[in-house]
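S.K.: Here you go, this is start36.cif (mmCIF, C-alpha atoms).
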```cif
data_target
loop_
_atom_site.group_PDB
_atom_site.id
_atom_site.type_symbol
_atom_site.label_atom_id
_atom_site.label_comp_id
_atom_site.auth_asym_id
_atom_site.auth_seq_id
_atom_site.Cartn_x
_atom_site.Cartn_y
_atom_site.Cartn_z
ATOM 1 C CA MET A 237 15.220 4.648 25.665
ATOM 2 C CA THR A 238 11.459 4.804 25.146
ATOM 3 C CA THR A 239 9.820 2.819 22.391
ATOM 4 C CA SER A 240 6.700 4.226 20.805
ATOM 5 C CA LEU A 241 3.753 1.941 20.119
ATOM 6 C CA PHE A 242 3.985 2.852 16.452
ATOM 7 C CA SER A 243 7.598 1.773 16.138
ATOM 8 C CA ARG A 244 7.097 -1.682 17.665
ATOM 9 C CA PRO A 245 7.646 -4.712 15.458
ATOM 10 C CA GLY A 246 4.399 -6.327 14.370
ATOM 11 C CA LEU A 247 2.433 -3.111 14.021
ATOM 12 C CA PRO A 248 2.231 -3.380 10.220
ATOM 13 C CA SER A 249 0.645 -6.818 10.601
ATOM 14 C CA LEU A 250 -1.813 -5.406 13.146
ATOM 15 C CA ALA A 251 -2.687 -2.582 10.773
ATOM 16 C CA ALA A 252 -3.194 -5.088 7.951
ATOM 17 C CA LEU A 253 -5.466 -7.181 10.189
ATOM 18 C CA LEU A 254 -7.528 -4.138 11.134
ATOM 19 C CA ALA A 255 -7.851 -3.149 7.485
ATOM 20 C CA LEU A 256 -8.996 -6.668 6.624
ATOM 21 C CA LEU A 257 -11.566 -6.711 9.426
ATOM 22 C CA THR A 258 -13.037 -3.369 8.381
ATOM 23 C CA ALA A 259 -13.287 -4.523 4.748
ATOM 24 C CA ALA A 260 -15.116 -7.770 5.641
ATOM 25 C CA PRO A 261 -18.446 -6.136 6.630
ATOM 26 C CA ALA A 262 -18.651 -4.388 3.238
ATOM 27 C CA ALA A 263 -18.280 -7.714 1.431
ATOM 28 C CA ALA A 264 -20.829 -9.334 3.763
ATOM 29 C CA ASP A 265 -23.314 -6.501 3.137
ATOM 30 C CA GLU A 266 -22.939 -6.990 -0.621
ATOM 31 C CA HIS A 267 -23.460 -10.743 -0.216
ATOM 32 C CA TRP A 268 -26.670 -10.206 1.794
ATOM 33 C CA HIS A 269 -27.894 -7.700 -0.781
ATOM 34 C CA ASP A 270 -27.382 -10.320 -3.516
ATOM 35 C CA LEU A 271 -29.297 -12.919 -1.488
ATOM 36 C CA HIS A 272 -32.233 -10.583 -0.872
ATOM 37 C CA GLU A 273 -32.325 -9.778 -4.566
ATOM 38 C CA ALA A 274 -32.316 -13.501 -5.444
ATOM 39 C CA VAL A 275 -35.294 -14.086 -3.119
ATOM 40 C CA ARG A 276 -37.135 -11.039 -4.480
ATOM 41 C CA GLU A 277 -36.573 -12.253 -8.054
ATOM 42 C CA GLU A 278 -37.713 -15.763 -7.004
ATOM 43 C CA ARG A 279 -34.371 -17.332 -7.966
ATOM 44 C CA ILE A 280 -34.182 -18.899 -4.509
ATOM 45 C CA VAL A 281 -36.917 -19.944 -2.095
ATOM 46 C CA PRO A 282 -37.441 -17.671 0.926
ATOM 47 C CA LEU A 283 -36.255 -19.279 4.162
ATOM 48 C CA PRO A 284 -39.586 -18.754 6.003
ATOM 49 C CA SER A 285 -41.319 -20.951 3.396
ATOM 50 C CA LEU A 286 -38.944 -23.826 4.141
ATOM 51 C CA LEU A 287 -39.263 -23.358 7.892
ATOM 52 C CA ASP A 288 -43.087 -23.409 7.601
ATOM 53 C CA TRP A 289 -42.841 -26.633 5.564
ATOM 54 C CA LEU A 290 -40.605 -28.223 8.214
ATOM 55 C CA GLU A 291 -42.833 -27.120 11.102
ATOM 56 C CA ALA A 292 -45.889 -28.640 9.425
ATOM 57 C CA ARG A 293 -44.163 -32.019 9.024
ATOM 58 C CA PHE A 294 -41.630 -32.362 11.855
ATOM 59 C CA GLU A 295 -41.577 -31.660 15.589
ATOM 60 C CA GLY A 296 -38.580 -29.851 16.991
ATOM 61 C CA GLN A 297 -36.724 -26.595 17.371
ATOM 62 C CA VAL A 298 -34.484 -25.026 14.759
ATOM 63 C CA LEU A 299 -30.952 -24.779 16.096
ATOM 64 C CA GLU A 300 -29.100 -23.420 13.088
ATOM 65 C CA VAL A 301 -29.647 -22.457 9.460
ATOM 66 C CA GLU A 302 -26.930 -22.110 6.852
ATOM 67 C CA LEU A 303 -27.047 -21.180 3.191
ATOM 68 C CA GLU A 304 -24.117 -22.837 1.465
ATOM 69 C CA ARG A 305 -22.871 -23.356 -2.037
ATOM 70 C CA ASP A 306 -22.532 -27.117 -2.512
ATOM 71 C CA ASP A 307 -21.252 -28.508 -5.831
ATOM 72 C CA GLY A 308 -22.141 -25.249 -7.575
ATOM 73 C CA ARG A 309 -25.688 -25.032 -6.212
ATOM 74 C CA LEU A 310 -27.107 -23.148 -3.260
ATOM 75 C CA ALA A 311 -28.455 -25.277 -0.419
ATOM 76 C CA TYR A 312 -30.165 -24.457 2.846
ATOM 77 C CA GLU A 313 -29.050 -26.643 5.745
ATOM 78 C CA VAL A 314 -31.447 -26.580 8.685
ATOM 79 C CA GLU A 315 -30.398 -28.264 11.914
ATOM 80 C CA MET A 316 -33.233 -29.192 14.288
ATOM 81 C CA LEU A 317 -33.416 -30.560 17.810
ATOM 82 C CA GLY A 318 -36.103 -33.230 18.080
ATOM 83 C CA PRO A 319 -38.368 -34.033 21.050
ATOM 84 C CA ASP A 320 -36.103 -36.924 22.137
ATOM 85 C CA GLY A 321 -32.976 -34.748 22.054
ATOM 86 C CA GLN A 322 -31.891 -35.962 18.635
ATOM 87 C CA VAL A 323 -30.233 -33.545 16.200
ATOM 88 C CA VAL A 324 -31.278 -33.824 12.560
ATOM 89 C CA GLU A 325 -30.037 -31.847 9.583
ATOM 90 C CA PHE A 326 -32.351 -31.195 6.649
ATOM 91 C CA GLU A 327 -30.882 -30.057 3.337
ATOM 92 C CA PHE A 328 -32.975 -28.170 0.786
ATOM 93 C CA ASP A 329 -32.149 -27.084 -2.737
ATOM 94 C CA ALA A 330 -32.374 -23.298 -2.410
ATOM 95 C CA GLU A 331 -33.635 -22.784 -5.971
ATOM 96 C CA SER A 332 -36.466 -25.332 -5.961
ATOM 97 C CA GLY A 333 -37.134 -25.729 -2.240
ATOM 98 C CA GLU A 334 -36.929 -29.502 -2.658
ATOM 99 C CA LEU A 335 -35.807 -31.543 0.346
ATOM 100 C CA VAL A 336 -32.673 -33.281 -0.950
ATOM 101 C CA GLY A 337 -31.378 -34.925 2.198
ATOM 102 C CA MET A 338 -31.783 -35.670 5.892
ATOM 103 C CA GLU A 339 -29.108 -36.798 8.325
ATOM 104 C CA GLY A 340 -29.516 -37.828 11.927
ATOM 105 C CA VAL A 341 -31.008 -40.422 14.208
ATOM 106 C CA LYS A 342 -34.638 -41.128 15.087
ATOM 107 C CA ILE A 343 -35.920 -38.935 12.265
ATOM 108 C CA ASP A 344 -39.221 -40.837 12.175
ATOM 109 C CA ALA A 345 -39.814 -39.891 15.829
ATOM 110 C CA MET A 346 -39.846 -36.247 14.726
ATOM 111 C CA ARG A 347 -42.502 -36.713 12.043
ATOM 112 C CA ARG A 348 -45.851 -35.170 12.893
ATOM 113 C CA ARG A 349 -48.734 -37.587 12.807
ATOM 114 C CA GLU A 350 -51.612 -36.646 10.524
ATOM 115 C CA VAL A 351 -54.896 -36.376 12.344
ATOM 116 C CA THR A 352 -57.811 -37.894 10.404
ATOM 117 C CA PRO A 353 -61.296 -36.481 11.069
#
```
For this file, write the structure as structure tokens.

M.R.:
Amino acid sequence: MTTSLFSRPGLPSLAALLALLTAAPAAADEHWHDLHEAVREERIVPLPSLLDWLEARFEGQVLEVELERDDGRLAYEVEMLGPDGQVVEFEFDAESGELVGMEGVKIDAMRRREVTP
């Protein structure tokens, strides 16, 4: 007796998974559209502005950036690799651009020194 692929147990769950995976990009596209609109309407600070601010004040490479909803507010979390190999996370309020937190070790070693003329 030959069993068809379509009559195998578990196929409905596979079909449901495929349907879910194809629906996810549509939701993600809508989410990105909302974020772009929020930046355009100046409801949240554009990411390049925050990255420029960080580069002017701290040495290191950006490893990862996340935009998360934390306690009802949007926050950018920027993870950087410092010159001594340390990993530091900077958290910014996405609406105001204010630096609201830093976590990591040897943060002071990452600070750029101001050059006086």

S.K.: Report the residues retrieved by the PyMOL selection byres ((chain A and resi 327) around 10) from the displayed file, expressed as a short mmCIF file (atom, residue, chain, number, x, y, z; two decimals) with C-alpha atoms, keeping the file's coordinate frame.

M.R.:
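Full text of selection03.cif as output:
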```cif
data_model
loop_
_atom_site.label_atom_id
_atom_site.label_comp_id
_atom_site.auth_asym_id
_atom_site.auth_seq_id
_atom_site.Cartn_x
_atom_site.Cartn_y
_atom_site.Cartn_z
CA VAL A 301 -29.65 -22.46 9.46
CA GLU A 302 -26.93 -22.11 6.85
CA LEU A 303 -27.05 -21.18 3.19
CA ALA A 311 -28.46 -25.28 -0.42
CA TYR A 312 -30.16 -24.46 2.85
CA GLU A 313 -29.05 -26.64 5.74
CA VAL A 314 -31.45 -26.58 8.68
CA GLU A 315 -30.40 -28.26 11.91
CA VAL A 324 -31.28 -33.82 12.56
CA GLU A 325 -30.04 -31.85 9.58
CA PHE A 326 -32.35 -31.20 6.65
CA PHE A 328 -32.98 -28.17 0.79
CA ASP A 329 -32.15 -27.08 -2.74
CA ALA A 330 -32.37 -23.30 -2.41
CA GLY A 333 -37.13 -25.73 -2.24
CA GLU A 334 -36.93 -29.50 -2.66
CA LEU A 335 -35.81 -31.54 0.35
CA VAL A 336 -32.67 -33.28 -0.95
CA GLY A 337 -31.38 -34.92 2.20
CA MET A 338 -31.78 -35.67 5.89
CA GLU A 339 -29.11 -36.80 8.32
#
```

S.K.: Quick one, how far is CA of Arg276 (chain A) from CA of Gln297 (chain A)?

M.R.: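 Atom-to-atom, CA of Arg276 (chain A) and CA of Gln297 (chain A) are spaced 26.8 Å apart.
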
S.K.: Could you check the closest approach to Leu299 (chain A) for each of A:Ile280, A:Met316, A:Gly321, A:Leu271 and tell me which residue wins, using all atoms listed in the file?

M.R.: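 Nearest to Leu299 (chain A): A:Met316.
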
S.K.: When the PyMOL selection byres ((chain A and resi 293) around 6) is applied to the structure above, which residues does it catch, written out as a list of chain:residue names?

M.R.: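 Written out, the selection comes to A:Leu290, A:Glu291, A:Ala292, A:Phe294, A:Arg347, A:Arg348.
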
S.K.: Take the residues that were just selected and, keeping C-alpha atoms, output them as a short mmCIF file (atom, residue, chain, number, x, y, z; two decimals), keeping the file's coordinate frame.

M.R.:
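Produced file out-v4.cif, reproduced below:
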```cif
data_model
loop_
_atom_site.label_atom_id
_atom_site.label_comp_id
_atom_site.auth_asym_id
_atom_site.auth_seq_id
_atom_site.Cartn_x
_atom_site.Cartn_y
_atom_site.Cartn_z
CA LEU A 290 -40.60 -28.22 8.21
CA GLU A 291 -42.83 -27.12 11.10
CA ALA A 292 -45.89 -28.64 9.43
CA PHE A 294 -41.63 -32.36 11.86
CA ARG A 347 -42.50 -36.71 12.04
CA ARG A 348 -45.85 -35.17 12.89
#
```

S.K.: Quick one: distance from CA of Glu331 (chain A) to CA of His269 (chain A) in Å, one decimal?

M.R.: 17.0 Å

S.K.: Please indicate the distance in Å from CA of Gly318 (chain A) to CA of Asp306 (chain A), rounded to one decimal place.

M.R.: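 Interatomic distance here is 25.4 Å.
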
S.K.: Using all atoms listed in the file, which of the listed residues (A:Ile343, A:Arg305, A:Ser332, A:Arg349) sits closest to Leu283 (chain A)?

M.R.: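 Ranking A:Ile343, A:Arg305, A:Ser332, A:Arg349 by distance to Leu283 (chain A), first place goes to A:Ser332.
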